[in-house]
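Student: File run.txt below, compact mmCIF, C-alpha atoms:
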# COMPACT_ATOMS: atom_id res chain seq x y z
CA MET M 1 18.79 6.32 -8.48
CA GLN M 2 17.25 7.94 -5.43
CA SER M 3 16.88 5.69 -2.39
CA VAL M 4 13.75 5.75 -0.26
CA ALA M 5 13.84 6.58 3.44
CA LEU M 6 13.09 3.76 5.86
CA SER M 7 12.48 6.19 8.69
CA THR M 8 9.01 6.62 10.16
CA VAL M 9 7.04 9.84 9.93
CA THR M 10 5.93 11.11 13.35
CA THR M 11 4.12 14.25 14.47
CA ARG M 12 4.17 16.15 17.71
CA PRO M 13 0.99 16.27 19.83
CA GLY M 14 -1.20 19.14 18.68
CA LEU M 15 0.43 19.39 15.26
CA GLY M 16 -2.32 19.57 12.65
CA ARG M 17 -2.46 16.97 9.91
CA SER M 18 -2.28 19.57 7.14
CA THR M 19 0.74 21.23 8.79
CA ALA M 20 2.49 17.91 9.19
CA ARG M 21 1.93 17.05 5.55
CA ALA M 22 3.17 20.45 4.43
CA THR M 23 6.40 20.27 6.44
CA ARG M 24 7.48 16.64 6.15
CA LYS M 25 9.76 15.37 3.41
CA GLN M 26 8.19 13.17 0.79
CA GLN M 27 9.03 9.54 1.48
CA THR M 28 7.76 6.00 1.24
CA ARG M 29 7.99 3.60 4.16
CA VAL M 30 8.93 0.03 3.44
CA VAL M 31 7.08 -2.62 5.43
CA VAL M 32 9.15 -5.73 6.04
CA THR M 33 7.66 -8.59 8.04
CA ALA M 34 9.95 -11.26 9.42
CA SER M 35 8.62 -14.57 10.67
CA SER M 36 8.22 -15.05 14.42
CA SER M 37 11.18 -17.40 14.55
CA SER M 38 13.36 -14.82 12.80
CA SER M 39 12.26 -12.00 15.09
CA ASN M 40 13.17 -14.07 18.15
CA ASN M 41 16.58 -15.03 16.83
CA SER M 42 19.30 -12.86 18.29
CA ASP M 43 22.11 -14.50 16.34
CA GLU M 44 24.49 -11.90 14.95
CA SER M 45 24.50 -13.34 11.44
CA GLN M 46 20.70 -13.12 11.31
CA SER M 47 20.86 -9.46 12.35
CA LEU M 48 23.35 -8.70 9.62
CA SER M 49 21.16 -10.51 7.09
CA LEU M 50 18.13 -8.47 8.11
CA ALA M 51 20.15 -5.26 7.91
CA ARG M 52 21.24 -6.11 4.36
CA ARG M 53 17.66 -6.96 3.52
CA PHE M 54 16.39 -3.56 4.69
CA GLN M 55 19.02 -1.89 2.54
CA GLN M 56 18.07 -4.01 -0.48
CA VAL M 57 14.35 -3.36 0.00
CA ALA M 58 14.96 0.39 0.13
CA LEU M 59 16.84 0.27 -3.16
CA SER M 60 14.23 -2.00 -4.69
CA ILE M 61 11.33 0.31 -3.85
CA ALA M 62 13.24 3.17 -5.44
CA ALA M 63 13.44 0.94 -8.52
CA GLY M 64 9.79 0.00 -8.38
CA ALA M 65 10.29 -3.62 -7.31
CA VAL M 66 8.60 -5.71 -4.61
CA VAL M 67 8.39 -4.88 -0.91
CA ALA M 68 9.18 -8.17 0.78
CA THR M 69 7.55 -9.91 3.72
CA SER M 70 9.37 -13.22 3.32
CA ALA M 71 12.58 -14.77 4.59
CA PRO M 72 15.67 -12.59 3.94
CA GLY M 73 17.31 -15.04 1.52
CA ALA M 74 14.27 -15.35 -0.71
CA ALA M 75 13.69 -11.61 -0.72
CA MET M 76 17.28 -10.84 -1.62
CA ALA M 77 17.10 -13.20 -4.58
CA ARG M 78 13.95 -11.54 -5.98
CA LEU M 79 14.34 -7.83 -5.26
CA GLU M 80 16.13 -6.76 -8.39
CA GLY M 81 14.86 -3.72 -10.23
CA VAL M 82 12.47 -4.51 -13.12
CA ASN M 83 10.91 -2.14 -15.62
CA ASN M 84 8.42 -3.72 -18.02
CA PRO M 85 5.93 -1.07 -19.18
CA GLN M 86 4.82 -3.44 -21.94
CA MET M 87 3.06 -5.49 -19.25
CA LEU M 88 0.73 -2.60 -18.44
CA PRO M 89 -2.72 -2.82 -20.05
CA PRO M 90 -3.77 -0.28 -22.69
CA GLY M 91 -6.67 2.06 -22.14
CA PRO M 92 -7.87 3.62 -18.86
CA THR M 93 -5.75 3.13 -15.75
CA GLN M 94 -6.66 0.00 -13.80
CA VAL M 95 -6.34 0.17 -10.02
CA VAL M 96 -6.20 -3.63 -9.72
CA LEU M 97 -3.66 -5.32 -11.99
CA ASP M 98 -3.39 -9.10 -12.11
CA VAL M 99 -0.54 -10.10 -14.39
CA ALA M 100 -0.29 -13.57 -12.82
CA GLY M 101 -3.87 -14.82 -13.20
CA TYR M 102 -4.73 -15.26 -9.52
CA LEU M 103 -8.08 -13.47 -9.76
CA THR M 104 -11.19 -14.12 -11.84
CA LYS M 105 -12.73 -11.31 -13.90
CA GLY M 106 -15.52 -11.07 -11.33
CA GLU M 107 -13.05 -10.74 -8.47
CA ILE M 108 -11.11 -8.03 -10.32
CA ALA M 109 -14.33 -6.10 -10.95
CA ARG M 110 -15.39 -6.39 -7.29
CA LEU M 111 -11.99 -5.34 -5.95
CA THR M 112 -11.80 -2.46 -8.45
CA GLU M 113 -15.14 -1.13 -7.24
CA GLU M 114 -14.05 -1.46 -3.61
CA VAL M 115 -10.73 0.32 -4.20
CA ASN M 116 -12.36 3.15 -6.17
CA ASN M 117 -15.05 3.68 -3.54
CA LEU M 118 -12.40 3.70 -0.81
CA GLU M 119 -10.44 6.45 -2.54
CA LYS M 120 -13.59 8.46 -3.19
CA ASP M 121 -14.69 8.24 0.45
CA THR M 122 -11.35 8.62 2.26
CA GLY M 123 -8.88 10.23 -0.15
CA LEU M 124 -6.43 7.40 0.48
CA ARG M 125 -5.30 5.48 -2.57
CA LEU M 126 -4.89 1.70 -2.64
CA ARG M 127 -3.36 0.08 -5.72
CA VAL M 128 -3.13 -3.69 -6.17
CA LEU M 129 -0.59 -5.58 -8.27
CA ALA M 130 -0.79 -9.38 -8.40
CA GLN M 131 2.39 -10.77 -9.89
CA ALA M 132 4.84 -13.66 -10.01
CA TYR M 133 8.32 -12.14 -10.04
CA PRO M 134 10.09 -11.54 -12.41
CA ASN M 135 6.93 -11.26 -14.52
CA THR M 136 5.98 -7.80 -13.26
CA PRO M 137 5.69 -4.25 -14.63
CA GLY M 138 8.11 -3.24 -11.86
CA LEU M 139 9.22 0.38 -12.05
CA ALA M 140 6.54 1.18 -14.61
CA ILE M 141 3.74 1.05 -12.03
CA LYS M 142 5.03 4.19 -10.29
CA ASP M 143 4.22 6.45 -13.22
CA TYR M 144 1.22 4.36 -14.30
CA TRP M 145 -0.46 4.86 -10.93
CA ALA M 146 1.11 8.27 -10.17
CA VAL M 147 2.18 6.94 -6.78
CA ASP M 148 2.22 9.68 -4.13
CA ASP M 149 2.24 10.15 -0.33
CA ASN M 150 -1.39 9.04 -0.05
CA THR M 151 -0.84 5.78 -1.93
CA VAL M 152 -0.38 2.23 -0.68
CA VAL M 153 1.00 -0.10 -3.32
CA PHE M 154 -0.05 -3.65 -2.44
CA VAL M 155 2.01 -6.27 -4.28
CA ALA M 156 0.69 -9.83 -4.07
CA ASP M 157 3.51 -12.23 -4.89
CA PRO M 158 3.51 -15.72 -3.32
CA GLY M 159 7.04 -16.32 -4.57
CA LEU M 160 8.28 -14.28 -1.61
CA GLY M 161 6.73 -16.67 0.92
CA ASN M 162 4.36 -14.14 2.47
CA ILE M 163 2.09 -13.04 -0.35
CA LEU M 164 1.20 -9.62 1.16
CA ASN M 165 3.77 -6.90 0.48
CA PHE M 166 3.24 -3.15 0.87
CA ALA M 167 4.86 0.17 0.05
CA VAL M 168 3.21 2.76 2.31
CA GLY M 169 3.14 6.47 1.50
CA ALA M 170 4.03 9.02 4.18
CA GLY M 171 0.50 10.47 4.20
CA VAL M 172 -0.96 7.05 4.94
CA ASP M 173 1.53 6.67 7.78
CA LEU M 174 -0.16 9.63 9.46
CA GLU M 175 -3.50 7.83 9.30
CA VAL M 176 -2.68 4.16 9.91
CA PRO M 177 -0.64 2.61 12.75
CA LYS M 178 2.59 1.20 11.44
CA ASN M 179 2.07 -2.25 12.97
CA PHE M 180 -1.20 -2.71 11.05
CA TRP M 181 0.67 -3.82 7.92
CA THR M 182 2.73 -6.39 9.79
CA LYS M 183 -0.35 -7.81 11.52
CA LEU M 184 -2.21 -7.93 8.21
CA ALA M 185 0.63 -9.82 6.50
CA ASN M 186 0.86 -12.26 9.39
CA THR M 187 -2.90 -12.88 9.27
CA TYR M 188 -3.69 -13.31 5.57
CA GLY M 189 -0.32 -13.45 3.87
CA THR M 190 1.37 -16.50 5.33
CA LYS M 191 2.29 -19.40 3.08
CA THR M 192 -0.02 -21.67 5.06
CA PHE M 193 -2.98 -19.34 4.48
CA TRP M 194 -2.61 -18.80 0.74
CA GLN M 195 -1.73 -22.42 0.05
CA GLU M 196 -4.88 -23.58 1.84
CA ARG M 197 -7.28 -20.81 0.73
CA GLY M 198 -5.72 -19.68 -2.54
CA GLU M 199 -3.99 -16.49 -3.63
CA SER M 200 -7.29 -14.79 -4.39
CA ALA M 201 -8.48 -15.30 -0.81
CA SER M 202 -5.34 -13.63 0.55
CA ILE M 203 -5.76 -10.69 -1.82
CA SER M 204 -9.49 -10.26 -1.17
CA ASN M 205 -9.12 -10.46 2.61
CA ALA M 206 -6.26 -7.98 2.58
CA VAL M 207 -8.13 -5.43 0.45
CA SER M 208 -11.25 -5.75 2.61
CA ALA M 209 -9.22 -5.37 5.82
CA ILE M 210 -7.50 -2.26 4.45
CA ASP M 211 -10.89 -0.87 3.41
CA THR M 212 -12.23 -1.35 6.93
CA CYS M 213 -9.10 0.13 8.53
CA PHE M 214 -9.08 3.26 6.36
CA ARG M 215 -12.73 3.98 7.19
CA GLU M 216 -12.36 3.75 10.97
CA ASP M 217 -12.48 6.92 13.04
CA PRO M 218 -9.14 8.50 14.01
CA GLY M 219 -7.81 7.69 17.45
CA ARG M 220 -5.58 5.36 19.40
CA PHE M 221 -7.68 2.31 18.51
CA LYS M 222 -7.84 2.94 14.76
CA CYS M 223 -6.87 -0.18 12.80
CA GLY M 224 -6.04 -1.93 16.05
CA LYS M 225 -7.68 -5.16 14.90
CA ILE M 226 -7.52 -7.00 11.61
CA GLN M 227 -10.93 -7.67 10.12
CA ALA M 228 -12.05 -11.29 10.40
CA GLU M 229 -11.80 -13.53 7.38
CA LEU M 230 -14.27 -13.18 4.53
CA THR M 231 -16.56 -16.15 4.04
CA ASP M 232 -19.03 -17.49 1.49
CA ASP M 233 -22.65 -16.63 2.19
CA MET M 234 -25.01 -18.12 -0.35
CA SER M 235 -28.07 -16.49 1.26
CA ASP M 236 -26.82 -13.19 -0.06
CA GLY M 237 -26.45 -14.39 -3.61
CA GLY M 238 -23.06 -15.96 -3.23
CA GLY M 239 -19.61 -14.45 -3.07
CA PHE M 240 -17.68 -13.15 -0.10
CA ARG M 241 -19.16 -11.43 2.91
CA PRO M 242 -16.87 -9.89 5.54
CA PHE M 243 -17.76 -11.24 8.99
CA GLY M 244 -15.75 -8.39 10.48
CA LYS M 245 -18.01 -5.75 8.92
CA LYS M 246 -21.21 -7.62 9.69
CA PHE M 247 -20.52 -8.69 13.26
CA GLY M 248 -17.69 -6.39 14.31
CA LYS M 249 -15.28 -9.27 14.78
CA GLY M 250 -11.56 -9.08 14.28
CA THR M 251 -8.24 -10.54 15.30
Represent the structure of the file as structure tokens.
Tutor:
Amino acid sequence: MQSVALSTVTTRPGLGRSTARATRKQQTRVVVTASSSSSNNSDESQSLSLARRFQQVALSIAAGAVVATSAPGAAMARLEGVNNPQMLPPGPTQVVLDVAGYLTKGEIARLTEEVNNLEKDTGLRLRVLAQAYPNTPGLAIKDYWAVDDNTVVFVADPGLGNILNFAVGAGVDLEVPKNFWTKLANTYGTKTFWQERGESASISNAVSAIDTCFREDPGRFKCGKIQAELTDDMSDGGGFRPFGKKFGKGT
């Protein structure tokens, strides 16, 4: 089994995007978000635990499993390779898969339209898998979605503590600041957030924030802020409206 590099793709000033893509090695970056208390803990045993966790996450992504944003112990217990192609739906490929029942049919349809429009407009591919490990397609999603350098696989799994988990392709790393994913997980993925608002709110806010980020102009401030939380607006026929897109607010 081939492991996935945890190193970050960087380019020299003046190096064109097409040249950088042509010369870099194909790799997927694993995004792991520790809690603030963990990041401030300098205890040697915690450092060793985090190091083991990075190693396990790398192996798990190679096996198609979850990218964790939770506490090391919980992640280690859940990051075993799974391959269940029988959990994939028949028919045309679906860019939003909910095998755990967090989303309504209307929410799936809305998110599917948003993800498809995002890919059409930017060329960057977002794929969403809502699951409750170990009930997941696992490895099978790699071939199902033809995951490549321009793909972000977003796995929503509250069993890992932080519900927002990402595997980021190298091409996306050239477009999006690396700390964006950590900030996003800490904004809409915390256990407090999804327990109070629901799993669907975490998923919808994350997809909308990624949509906004991908569409921003290149530059040092791209994706510097996380879009503000979506909210109900009955004057517009109901459903979610992103305050960040309407008023330019963010966190």
Student: Quick one: pull the distance between atom CA of Leu103 of chain M and atom CA of Ser202 of chain M, Å, one decimal.
Tutor: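 Between atom CA of Leu103 of chain M and atom CA of Ser202 of chain M the gap works out to 10.7 Å.
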Student: Excluding segment 105-113 of chain M and its own-chain neighbours fewer than 4 positions away, which residues fall within 7 Å of it when counting only C-alpha atoms? Please give them as JSON, numbers by chain.
Tutor: {"M": [95, 96, 117]}
Student: Here is a test: counting all atoms listed in the file, which residue of M:Asp148, M:Glu114, M:Asp217, M:Asp157 is nearest to Val172 of chain M?
Tutor: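 Under the stated criterion, the closest residue is M:Asp148.
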Student: Extract, using only C-alpha atoms, all DNA, RNA and protein residues at most 12 Å from Val115 of chain M, discarding same-chain residues fewer than 2 positions from it, and format them as number ranges by chain.
Tutor: M: 94-97, 108-113, 117-128, 151-154, 204, 206-212, 214
Student: So which residues fall inside 8 Å of (-4.9, -12.0, -5.4) if we count all atoms listed in the file? Mind giving them as an MDAnalysis selection string?
Tutor: chainID M and resid 98 102:103 130 156 199:204
Student: Nearest to Gly138 of chain M among M:Asn116, M:Asn205, M:Gln86, M:Gln195, with distances taken over only C-alpha atoms: which residue is it?
Tutor: M:Gln86
Student: How many Å separate atom CA of Asn150 of chain M from atom CA of Ala170 of chain M?
Tutor: 6.9 Å
